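Listing of entry_12.txt, compact mmCIF, C-alpha atoms
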```txt
# COMPACT_ATOMS: atom_id res chain seq x y z
CA MET V 1 -124.37 109.98 -141.23
CA ASN V 2 -125.53 112.36 -138.52
CA ASN V 3 -123.47 113.31 -135.48
CA VAL V 4 -125.47 111.04 -133.17
CA GLY V 5 -124.80 108.03 -135.40
CA THR V 6 -121.12 108.86 -135.67
CA SER V 7 -120.85 109.25 -131.89
CA ARG V 8 -122.55 105.92 -131.33
CA LEU V 9 -120.20 104.11 -133.73
CA SER V 10 -117.18 105.71 -132.10
CA GLU V 11 -118.45 104.66 -128.66
CA ILE V 12 -118.93 101.05 -129.80
CA ALA V 13 -115.46 100.98 -131.37
CA LEU V 14 -113.90 102.35 -128.18
CA ILE V 15 -115.66 99.78 -126.00
CA ALA V 16 -114.50 96.96 -128.29
CA MET V 17 -110.91 98.23 -128.13
CA LEU V 18 -110.98 98.49 -124.35
CA ILE V 19 -112.43 95.01 -123.94
CA GLY V 20 -109.66 93.66 -126.17
CA SER V 21 -107.04 95.22 -123.93
CA LEU V 22 -108.10 92.93 -121.07
CA GLY V 23 -106.18 90.12 -122.71
CA LEU V 24 -109.27 88.05 -123.46
CA ALA V 25 -109.45 85.33 -126.06
CA GLU V 26 -108.58 86.75 -129.47
CA THR V 27 -111.52 86.73 -131.86
CA TYR V 28 -111.82 87.25 -135.58
CA ALA V 29 -114.58 88.44 -137.88
CA GLY V 30 -117.26 85.78 -137.96
CA ASP V 31 -116.27 84.09 -134.70
CA TRP V 32 -118.85 83.35 -131.99
CA PRO V 33 -116.39 81.95 -129.40
CA GLN V 34 -118.47 82.11 -126.24
CA ILE V 35 -121.93 82.62 -124.80
CA LEU V 36 -123.81 85.48 -126.48
CA GLY V 37 -121.06 86.09 -129.03
CA PRO V 38 -117.68 87.85 -129.14
CA ASN V 39 -118.53 90.43 -126.46
CA ARG V 40 -121.26 88.52 -124.60
CA ASN V 41 -123.95 90.94 -125.71
CA GLY V 42 -125.78 88.98 -128.43
CA GLN V 43 -124.22 91.02 -131.23
CA ALA V 44 -122.53 89.45 -134.25
CA ASP V 45 -119.52 91.35 -135.55
CA GLY V 46 -119.29 91.92 -139.29
CA GLU V 47 -122.27 89.74 -140.21
CA LYS V 48 -124.56 90.68 -143.11
CA LEU V 49 -127.91 88.97 -143.04
CA SER V 50 -129.97 88.29 -146.14
CA GLU V 51 -132.73 90.82 -146.80
CA SER V 52 -135.28 88.04 -147.37
CA TRP V 53 -135.57 84.25 -147.55
CA PRO V 54 -136.98 81.85 -150.16
CA GLN V 55 -140.55 80.70 -149.73
CA GLY V 56 -139.43 77.49 -148.05
CA GLY V 57 -137.16 79.36 -145.66
CA PRO V 58 -133.37 79.68 -145.52
CA LYS V 59 -131.27 76.75 -146.71
CA GLN V 60 -130.33 74.06 -144.23
CA LEU V 61 -126.66 73.25 -144.85
CA TRP V 62 -126.37 70.26 -142.51
CA LYS V 63 -127.70 68.67 -139.34
CA LYS V 64 -126.25 66.34 -136.75
CA PRO V 65 -127.74 64.39 -133.83
CA VAL V 66 -126.59 65.51 -130.36
CA GLY V 67 -127.11 64.30 -126.83
CA GLN V 68 -128.64 65.90 -123.77
CA GLY V 69 -127.95 69.37 -122.45
CA TYR V 70 -128.75 73.02 -123.08
CA ALA V 71 -125.24 74.23 -123.91
CA GLY V 72 -125.30 76.21 -127.14
CA PRO V 73 -122.49 75.91 -129.71
CA ALA V 74 -119.39 78.11 -129.82
CA VAL V 75 -117.68 78.83 -133.15
CA ALA V 76 -114.18 79.98 -134.10
CA ALA V 77 -111.87 79.46 -137.09
CA ASN V 78 -114.67 77.58 -138.89
CA ARG V 79 -114.93 75.03 -136.09
CA VAL V 80 -118.05 74.43 -134.01
CA ILE V 81 -117.49 73.28 -130.44
CA MET V 82 -120.37 71.28 -128.97
CA PHE V 83 -120.72 70.24 -125.34
CA HIS V 84 -123.33 67.58 -124.67
CA ARG V 85 -124.05 64.40 -122.74
CA ILE V 86 -123.89 60.98 -124.41
CA ASN V 87 -124.94 58.23 -122.00
CA GLU V 88 -122.61 58.57 -118.98
CA SER V 89 -120.16 61.00 -120.56
CA GLU V 90 -120.01 64.74 -121.06
CA ARG V 91 -118.56 65.09 -124.55
CA ILE V 92 -116.66 68.00 -126.05
CA GLU V 93 -116.73 67.75 -129.82
CA ALA V 94 -115.23 69.82 -132.64
CA LEU V 95 -117.10 69.92 -135.95
CA ASP V 96 -116.32 71.44 -139.33
CA ALA V 97 -118.60 74.48 -139.53
CA LYS V 98 -119.12 74.04 -143.26
CA THR V 99 -119.99 70.34 -143.30
CA GLY V 100 -120.75 69.20 -139.74
CA ASP V 101 -118.06 66.51 -140.01
CA GLN V 102 -116.35 65.61 -136.75
CA ILE V 103 -112.76 66.80 -136.29
CA TRP V 104 -112.20 65.45 -132.76
CA GLN V 105 -114.01 64.46 -129.59
CA ILE V 106 -113.09 63.87 -125.97
CA ASP V 107 -115.29 62.42 -123.23
CA PHE V 108 -115.34 63.04 -119.48
CA LYS V 109 -117.35 61.13 -116.88
CA ALA V 110 -120.74 62.77 -116.32
CA GLU V 111 -121.44 63.27 -112.62
CA TYR V 112 -124.72 65.23 -112.68
CA GLY V 113 -127.75 63.24 -111.51
CA GLY V 114 -130.50 65.68 -112.49
CA GLY V 115 -132.75 68.16 -110.74
CA ILE V 116 -136.09 69.81 -111.44
CA ASN V 117 -135.53 69.36 -115.17
CA SER V 118 -135.06 65.77 -116.38
CA ASP V 119 -132.29 66.74 -118.82
CA THR V 120 -128.92 65.74 -117.31
CA GLY V 121 -126.62 67.30 -119.88
CA PRO V 122 -124.37 70.38 -119.50
CA ARG V 123 -125.93 73.85 -119.49
CA CYS V 124 -122.93 76.13 -120.14
CA VAL V 125 -121.70 77.25 -123.56
CA PRO V 126 -118.05 76.31 -124.28
CA ILE V 127 -115.43 79.06 -124.31
CA ILE V 128 -112.93 79.06 -127.17
CA ASP V 129 -109.61 80.78 -126.56
CA SER V 130 -108.04 80.26 -129.98
CA GLN V 131 -105.05 82.46 -129.17
CA ARG V 132 -104.03 80.02 -126.42
CA ASP V 133 -105.33 76.99 -128.39
CA ARG V 134 -107.76 76.15 -125.61
CA VAL V 135 -111.39 75.31 -124.98
CA PHE V 136 -112.92 75.60 -121.51
CA VAL V 137 -116.17 73.91 -120.47
CA TYR V 138 -118.15 73.87 -117.22
CA GLY V 139 -120.23 70.74 -116.73
CA ALA V 140 -123.59 70.35 -115.03
CA ALA V 141 -121.98 68.92 -111.87
CA GLY V 142 -119.46 71.75 -111.69
CA ASP V 143 -116.50 70.05 -113.35
CA VAL V 144 -114.21 72.35 -115.34
CA HIS V 145 -112.24 70.91 -118.26
CA CYS V 146 -109.61 72.54 -120.43
CA VAL V 147 -108.68 70.90 -123.74
CA SER V 148 -106.71 71.99 -126.79
CA PHE V 149 -108.75 73.67 -129.52
CA SER V 150 -106.66 72.15 -132.31
CA LYS V 151 -106.60 68.49 -131.20
CA GLY V 152 -109.01 68.06 -128.30
CA ALA V 153 -106.32 66.76 -125.94
CA LYS V 154 -106.92 67.18 -122.21
CA ILE V 155 -104.84 69.92 -120.55
CA TRP V 156 -106.41 70.03 -117.06
CA SER V 157 -109.61 69.39 -115.10
CA ARG V 158 -111.06 70.62 -111.80
CA SER V 159 -114.15 69.63 -109.81
CA VAL V 160 -114.76 73.08 -108.37
CA ARG V 161 -118.28 72.56 -107.04
CA SER V 162 -117.07 69.47 -105.20
CA ASP V 163 -113.89 71.22 -104.03
CA TYR V 164 -115.86 74.10 -102.53
CA ARG V 165 -119.01 72.19 -101.50
CA ALA V 166 -121.45 73.95 -103.82
CA ASP V 167 -124.90 72.46 -104.36
CA ASP V 168 -126.49 71.71 -107.72
CA GLY V 169 -129.24 74.30 -107.41
CA TYR V 170 -132.41 73.75 -109.38
CA PHE V 171 -130.82 72.70 -112.67
CA GLY V 172 -127.13 71.97 -112.00
CA ALA V 173 -124.26 74.35 -112.73
CA GLY V 174 -125.37 76.85 -115.36
CA SER V 175 -123.32 80.04 -115.16
CA THR V 176 -120.83 80.03 -118.03
CA PRO V 177 -117.39 81.15 -116.77
CA VAL V 178 -115.51 84.05 -118.35
CA VAL V 179 -111.84 84.43 -119.35
CA ALA V 180 -110.36 87.66 -118.01
CA GLY V 181 -106.65 88.03 -118.66
CA ASP V 182 -104.94 84.86 -117.37
CA ASN V 183 -107.86 83.81 -115.17
CA LEU V 184 -111.06 81.85 -115.66
CA LEU V 185 -113.73 83.33 -113.36
CA ILE V 186 -116.61 81.14 -112.16
CA ASN V 187 -119.68 81.78 -109.98
CA VAL V 188 -119.21 78.52 -108.05
CA GLY V 189 -121.42 79.35 -105.08
CA GLY V 190 -119.30 77.29 -102.66
CA ASP V 191 -120.22 76.86 -99.00
CA ARG V 192 -116.60 77.11 -97.96
CA ALA V 193 -115.48 80.59 -96.92
CA ASP V 194 -115.20 83.08 -99.75
CA ALA V 195 -115.77 80.55 -102.54
CA GLY V 196 -118.78 82.25 -104.09
CA ILE V 197 -116.69 83.40 -107.04
CA VAL V 198 -113.46 81.59 -107.87
CA ALA V 199 -110.66 82.42 -110.31
CA LEU V 200 -108.65 79.58 -111.85
CA SER V 201 -105.42 79.88 -113.81
CA VAL V 202 -106.15 79.29 -117.49
CA ASP V 203 -102.77 77.54 -117.76
CA THR V 204 -102.96 75.12 -114.83
CA GLY V 205 -106.52 75.15 -113.43
CA LYS V 206 -105.17 76.01 -109.97
CA THR V 207 -107.09 78.48 -107.83
CA VAL V 208 -105.70 82.02 -108.12
CA TRP V 209 -108.20 83.65 -105.77
CA LYS V 210 -111.65 83.16 -104.30
CA ALA V 211 -113.99 85.85 -103.07
CA THR V 212 -117.47 86.52 -101.64
CA ASN V 213 -120.06 84.14 -100.23
CA GLU V 214 -122.37 84.65 -103.22
CA GLN V 215 -124.59 81.72 -104.21
CA ALA V 216 -124.52 80.60 -107.83
CA SER V 217 -127.05 81.73 -110.42
CA TYR V 218 -127.73 80.80 -114.05
CA SER V 219 -126.58 84.20 -115.29
CA SER V 220 -123.17 84.39 -116.98
CA PRO V 221 -120.67 87.14 -116.08
CA VAL V 222 -119.53 89.83 -118.51
CA ILE V 223 -116.49 92.05 -118.94
CA ALA V 224 -116.86 95.78 -118.29
CA ARG V 225 -114.60 98.79 -117.95
CA ILE V 226 -115.41 101.31 -115.26
CA ASP V 227 -113.57 104.61 -115.26
CA GLY V 228 -111.07 103.05 -117.67
CA LYS V 229 -110.33 100.06 -115.43
CA PRO V 230 -111.12 96.40 -116.20
CA SER V 231 -113.79 94.63 -114.17
CA VAL V 232 -116.13 91.64 -114.32
CA VAL V 233 -119.85 91.87 -113.50
CA PHE V 234 -121.72 88.87 -112.07
CA VAL V 235 -125.41 88.52 -111.37
CA THR V 236 -125.42 85.88 -108.62
CA ARG V 237 -128.36 84.27 -106.84
CA MET V 238 -129.21 87.44 -104.91
CA ASN V 239 -126.92 90.28 -106.01
CA ALA V 240 -125.15 92.10 -108.79
CA VAL V 241 -121.43 92.06 -108.00
CA CYS V 242 -118.58 93.81 -109.79
CA LEU V 243 -115.04 92.58 -109.11
CA GLU V 244 -111.47 93.35 -110.11
CA PRO V 245 -110.47 90.28 -112.17
CA THR V 246 -106.85 89.94 -111.00
CA ASP V 247 -107.50 89.67 -107.25
CA GLY V 248 -111.28 89.48 -106.70
CA SER V 249 -111.58 92.76 -104.82
CA ILE V 250 -115.17 94.06 -104.92
CA LEU V 251 -115.87 97.34 -106.68
CA PHE V 252 -119.59 97.41 -105.98
CA ARG V 253 -122.46 95.15 -105.00
CA PHE V 254 -126.21 95.73 -104.79
CA PRO V 255 -129.28 93.50 -104.31
CA PHE V 256 -130.83 91.85 -107.34
CA GLY V 257 -132.88 88.71 -106.73
CA GLN V 258 -135.65 87.16 -104.65
CA ARG V 259 -135.68 84.31 -102.18
CA GLY V 260 -137.82 81.27 -102.86
CA PRO V 261 -138.22 79.30 -106.12
CA THR V 262 -136.65 81.96 -108.35
CA VAL V 263 -133.64 82.20 -110.64
CA ASN V 264 -131.44 84.89 -112.13
CA ALA V 265 -130.55 83.64 -115.59
CA ALA V 266 -130.23 86.52 -118.10
CA SER V 267 -126.72 87.92 -118.38
CA PRO V 268 -125.99 91.52 -117.38
CA LEU V 269 -125.69 93.87 -120.33
CA VAL V 270 -123.07 96.62 -120.34
CA ILE V 271 -124.12 99.72 -122.32
CA ALA V 272 -121.38 102.35 -122.21
CA ASP V 273 -121.26 103.38 -118.51
CA THR V 274 -124.59 101.75 -117.62
CA LEU V 275 -125.58 98.21 -116.64
CA PHE V 276 -128.90 96.59 -117.56
CA LEU V 277 -130.25 93.69 -115.50
CA THR V 278 -133.41 91.67 -116.00
CA ALA V 279 -135.20 88.76 -114.30
CA SER V 280 -138.73 87.43 -113.79
CA TYR V 281 -140.31 86.20 -110.52
CA GLY V 282 -141.13 89.71 -109.33
CA ILE V 283 -137.52 90.89 -109.60
CA GLY V 284 -137.96 93.03 -112.70
CA ALA V 285 -135.58 95.08 -114.83
CA LYS V 286 -133.07 97.70 -113.77
CA LEU V 287 -130.67 100.16 -115.36
CA VAL V 288 -127.85 101.53 -113.23
CA ARG V 289 -125.04 103.95 -113.97
CA MET V 290 -121.59 102.73 -112.92
CA ARG V 291 -119.36 105.30 -111.23
CA GLY V 292 -116.22 103.64 -109.91
CA LYS V 293 -117.25 101.90 -106.68
CA LYS V 294 -120.71 103.47 -106.73
CA THR V 295 -123.83 102.89 -108.77
CA GLU V 296 -126.80 105.12 -109.43
CA THR V 297 -130.20 103.67 -110.35
CA VAL V 298 -131.56 105.24 -113.54
CA TRP V 299 -134.81 103.28 -113.52
CA ASP V 300 -136.16 100.12 -111.90
CA ASN V 301 -139.50 98.34 -112.44
CA ASP V 302 -141.19 94.99 -113.13
CA GLU V 303 -143.38 96.22 -115.97
CA VAL V 304 -141.30 96.51 -119.15
CA MET V 305 -138.78 93.67 -119.72
CA SER V 306 -138.66 91.06 -116.96
CA SER V 307 -137.00 88.11 -118.68
CA GLN V 308 -136.95 84.61 -117.22
CA TYR V 309 -133.68 83.60 -118.89
CA VAL V 310 -133.20 85.37 -122.24
CA THR V 311 -130.69 88.21 -122.50
CA PRO V 312 -131.86 91.15 -124.66
CA VAL V 313 -129.74 92.96 -127.24
CA HIS V 314 -129.00 96.68 -127.44
CA HIS V 315 -129.02 98.75 -130.62
CA ALA V 316 -128.83 102.54 -130.99
CA GLY V 317 -130.31 103.30 -127.58
CA TYR V 318 -133.00 100.60 -127.55
CA LEU V 319 -133.29 97.14 -126.02
CA TYR V 320 -134.95 94.24 -127.86
CA GLY V 321 -135.88 91.20 -125.82
CA ILE V 322 -138.45 89.13 -123.98
CA ASP V 323 -140.75 90.07 -121.12
CA GLY V 324 -142.28 87.01 -119.45
CA ARG V 325 -141.86 83.36 -118.50
CA GLU V 326 -141.87 80.07 -120.35
CA ASP V 327 -143.33 78.05 -117.49
CA ILE V 328 -146.50 80.15 -117.27
CA GLY V 329 -146.85 80.50 -121.04
CA VAL V 330 -146.98 84.30 -121.24
CA ALA V 331 -144.12 86.14 -122.94
CA SER V 332 -143.89 89.17 -125.21
CA LEU V 333 -141.20 90.36 -127.62
CA ARG V 334 -140.55 94.03 -126.84
CA CYS V 335 -138.54 97.08 -127.70
CA ILE V 336 -137.85 99.51 -124.89
CA ASP V 337 -135.99 102.78 -124.63
CA ALA V 338 -132.86 101.87 -122.66
CA LYS V 339 -132.47 105.32 -121.16
CA SER V 340 -136.01 105.71 -119.84
CA GLY V 341 -137.39 102.16 -119.72
CA ASN V 342 -140.43 103.18 -121.77
CA VAL V 343 -141.96 100.48 -123.98
CA LYS V 344 -141.81 101.44 -127.67
CA TRP V 345 -143.69 98.39 -128.98
CA SER V 346 -144.75 94.94 -127.80
CA GLU V 347 -145.69 91.74 -129.65
CA ASP V 348 -147.84 90.12 -127.01
CA ARG V 349 -148.02 86.33 -126.59
CA PHE V 350 -144.97 85.98 -128.79
CA GLY V 351 -143.38 83.26 -126.63
CA ILE V 352 -139.85 82.87 -125.28
CA ALA V 353 -137.20 83.55 -127.91
CA HIS V 354 -133.47 84.15 -128.29
CA VAL V 355 -132.46 87.35 -130.07
CA ILE V 356 -129.27 87.98 -132.05
CA LEU V 357 -128.39 91.41 -133.43
CA ALA V 358 -126.50 91.62 -136.74
CA ASN V 359 -125.99 95.12 -138.14
CA ASP V 360 -129.51 96.62 -137.99
CA LYS V 361 -131.44 93.33 -138.07
CA LEU V 362 -132.70 90.87 -135.50
CA LEU V 363 -132.55 87.10 -135.82
CA VAL V 364 -135.19 85.75 -133.46
CA VAL V 365 -135.28 82.04 -132.59
CA LYS V 366 -138.42 80.97 -130.75
CA VAL V 367 -137.88 78.27 -128.14
CA GLU V 368 -141.04 76.36 -129.06
CA SER V 369 -141.20 74.81 -132.52
CA GLY V 370 -143.85 76.11 -134.90
CA GLU V 371 -144.50 77.52 -138.34
CA GLU V 372 -142.65 80.74 -137.49
CA GLN V 373 -139.81 79.62 -135.27
CA LEU V 374 -137.08 81.64 -136.99
CA ILE V 375 -137.86 85.29 -137.70
CA LEU V 376 -135.86 87.99 -139.43
CA ALA V 377 -136.87 91.49 -138.35
CA LYS V 378 -135.72 95.09 -138.54
CA ALA V 379 -134.16 96.51 -135.37
CA SER V 380 -136.49 99.50 -135.28
CA PRO V 381 -138.07 101.27 -132.29
CA ASP V 382 -140.99 102.44 -134.45
CA ARG V 383 -142.76 99.08 -134.71
CA PHE V 384 -142.14 95.35 -135.05
CA GLN V 385 -141.06 94.96 -138.68
CA LYS V 386 -140.92 91.30 -139.68
CA LEU V 387 -138.97 90.74 -142.89
CA ALA V 388 -139.19 86.93 -143.15
CA SER V 389 -140.02 83.83 -141.12
CA ALA V 390 -139.53 80.07 -141.38
CA ARG V 391 -139.98 76.80 -139.56
CA ILE V 392 -136.58 75.27 -138.75
CA LEU V 393 -137.45 72.52 -136.24
CA SER V 394 -140.11 69.87 -136.75
CA ASP V 395 -140.19 69.00 -133.04
CA GLY V 396 -138.38 69.63 -129.79
CA VAL V 397 -137.46 72.94 -128.21
CA ALA V 398 -134.57 75.35 -128.80
CA ARG V 399 -133.66 76.39 -125.24
CA ALA V 400 -129.94 76.31 -126.03
CA LEU V 401 -128.54 79.65 -127.16
CA PRO V 402 -128.01 79.81 -130.95
CA SER V 403 -124.85 81.19 -132.52
CA LEU V 404 -124.16 83.13 -135.73
CA SER V 405 -120.89 82.80 -137.62
CA ASN V 406 -119.97 83.67 -141.21
CA GLY V 407 -123.58 83.81 -142.36
CA ARG V 408 -124.45 80.49 -140.71
CA LEU V 409 -126.93 80.15 -137.85
CA PHE V 410 -126.32 77.18 -135.55
CA VAL V 411 -129.41 76.05 -133.63
CA ARG V 412 -129.55 73.20 -131.16
CA SER V 413 -132.84 71.47 -130.33
CA ASN V 414 -133.79 69.15 -127.47
CA SER V 415 -136.25 66.30 -127.70
CA GLY V 416 -136.29 63.52 -125.11
CA ALA V 417 -132.86 61.91 -124.67
CA GLY V 418 -131.22 63.95 -127.40
CA GLY V 419 -131.76 66.43 -130.17
CA GLU V 420 -130.18 67.96 -133.25
CA LEU V 421 -127.70 70.65 -134.18
CA LYS V 422 -128.68 72.40 -137.39
CA CYS V 423 -126.65 74.76 -139.56
CA ILE V 424 -128.78 77.22 -141.53
CA GLU V 425 -127.61 79.72 -144.14
CA VAL V 426 -128.86 83.19 -143.22
CA GLY V 427 -126.09 85.45 -144.54
CA GLN V 428 -125.82 87.27 -147.84
```
Exercise: express the given structure as structure tokens:
Amino acid sequence: MNNVGTSRLSEIALIAMLIGSLGLAETYAGDWPQILGPNRNGQADGEKLSESWPQGGPKQLWKKPVGQGYAGPAVAANRVIMFHRINESERIEALDAKTGDQIWQIDFKAEYGGGINSDTGPRCVPIIDSQRDRVFVYGAAGDVHCVSFSKGAKIWSRSVRSDYRADDGYFGAGSTPVVAGDNLLINVGGDRADAGIVALSVDTGKTVWKATNEQASYSSPVIARIDGKPSVVFVTRMNAVCLEPTDGSILFRFPFGQRGPTVNAASPLVIADTLFLTASYGIGAKLVRMRGKKTETVWDNDEVMSSQYVTPVHHAGYLYGIDGREDIGVASLRCIDAKSGNVKWSEDRFGIAHVILANDKLLVVKVESGEEQLILAKASPDRFQKLASARILSDGVARALPSLSNGRLFVRSNSGAGGELKCIEVGQ
């Protein structure tokens, strides 16, 4: 291995170690315990994908009907946690990852009445904190629930959007909270003073601190370390905000967003000491260098990877993701040089798709069903190298984020009043 490759691996290992020192939920090889995986960057740790698939596509291990919502599954200790709406309840459900059999379920009254989208289910991926034996969920009406991971028993609940007078936005609450140390941080967007971002105790659900007047977005916060110190980065309705997780003090803030019928939905992506942001609606993409309480723009434009809601993945200096919007029907799968923002290749009219990185391969799940909805490709900046493709959904859409755990891909579809959760074997 050359020196560049060795340096990159060392950098990734160091970042992983530093993130672990924040006291976040303990994860194990094969776990996908929260939105976008173990480190909220779309990367699967220790996964080895098959080099090719049979002619009929990868094997479907099981499937299960689910209710409304766009919350993707979380996976830990061979348990899948689903969060979905069944009639007038928001249901948290634990399934055996190998068989799909139910282990436990618990229901909470669903309060969300709907918005621009007719789906009234939850939008946020569950968070599994297996070390504390807890699962945290954030419902579409802004209700937070904490239950035990082992048995599904209720520990506490809070109606934070009601408590702090936050509105439902276009699609209900949709920014998945993050566990940082002993706090659960949420972009509530409350109208009451300094309730834009709120920290709850993971043990009791009581408010630890509240800060800023930031409105809520559909982007989920991520953990970062700046100059060796822990921090949490939010992309809110109009800004990128970095806070100290224990007391909510602001490290930096800069504009990122547009007024009018727009959303910020892709999560920020931390790459060493830089931060990548992306959004559609004329907002564009941006790479900034983080220097303590200051940031320096490396590049900023609306021409290379302006994603409506999909978060790209980073591999060896390159970003792989979507440029475009689902609602106007124009979206490309692209690879760009993270340092310069230059486009390396583009598969035009590809459609909106979720991207997972495992080792040096990409698992790409197209939102719209079709003959090539699941694609296995090489993570290469030279050209788009498709290794295999398959149809995995006969109907519906796959807006919910997929998850990858122990060689199994979990994909949730939506069709009318419900949908399906499918488990597909993609590992070696």
Point to revise | Which of V:Asp31, V:Asp360, V:Asp382, V:Glu372 sits closest to Ser130 of chain V [using all atoms listed in the file] | key: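 Counting all atoms listed in the file, the residue closest to Ser130 of chain V is V:Asp31.
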Exercise for review: Rank V:Gly396, V:Ile223, V:Ala74, V:Ser157 by their smallest atom-to-atom distance to Glu420 of chain V, using only C-alpha atoms, and report the top residue only.
Suggested key: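 Of V:Gly396, V:Ile223, V:Ala74, V:Ser157, the one nearest Glu420 of chain V is V:Gly396, counting only C-alpha atoms.
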Revision key, fill the gap. Computed gap from atom CA of Asn264 of chain V to atom CA of Asn342 of chain V is 22.5 Å
I'd like the contact shell of segment 153-156 of chain V - 9 Å cut-off, all atoms listed in the file, skipping same-chain residues fewer than 4 positions apart - returned as an mmCIF file with C-alpha atoms, in the coordinates of the input.
```
data_model
loop_
_atom_site.group_PDB
_atom_site.id
_atom_site.type_symbol
_atom_site.label_atom_id
_atom_site.label_comp_id
_atom_site.auth_asym_id
_atom_site.auth_seq_id
_atom_site.Cartn_x
_atom_site.Cartn_y
_atom_site.Cartn_z
ATOM 1 C CA GLN V 105 -114.010 64.460 -129.590
ATOM 2 C CA ILE V 106 -113.090 63.870 -125.970
ATOM 3 C CA ARG V 134 -107.760 76.150 -125.610
ATOM 4 C CA VAL V 144 -114.210 72.350 -115.340
ATOM 5 C CA HIS V 145 -112.240 70.910 -118.260
ATOM 6 C CA CYS V 146 -109.610 72.540 -120.430
ATOM 7 C CA VAL V 147 -108.680 70.900 -123.740
ATOM 8 C CA SER V 148 -106.710 71.990 -126.790
ATOM 9 C CA PHE V 149 -108.750 73.670 -129.520
ATOM 10 C CA ASP V 203 -102.770 77.540 -117.760
ATOM 11 C CA THR V 204 -102.960 75.120 -114.830
ATOM 12 C CA GLY V 205 -106.520 75.150 -113.430
#
```
Exercise for review: Rank V:Leu269, V:Ser340, V:Leu277, V:Lys229 by their smallest atom-to-atom distance to Lys293 of chain V, using all atoms listed in the file, and report the top residue only.
Suggested key: V:Lys229
Point to revise | Sel. within 8 Å of pt (-144.9, 90.9, -112.4), counting only C-alpha atoms, output as a ChimeraX atom specification | key: /V:280-284,302-303,306
Practice item. Have a look at atom CA of Val235 of chain V and atom CA of Val80 of chain V and let me know their distance in Å, one decimal. Key: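 According to the coordinates, atom CA of Val235 of chain V and atom CA of Val80 of chain V are separated by 27.7 Å.
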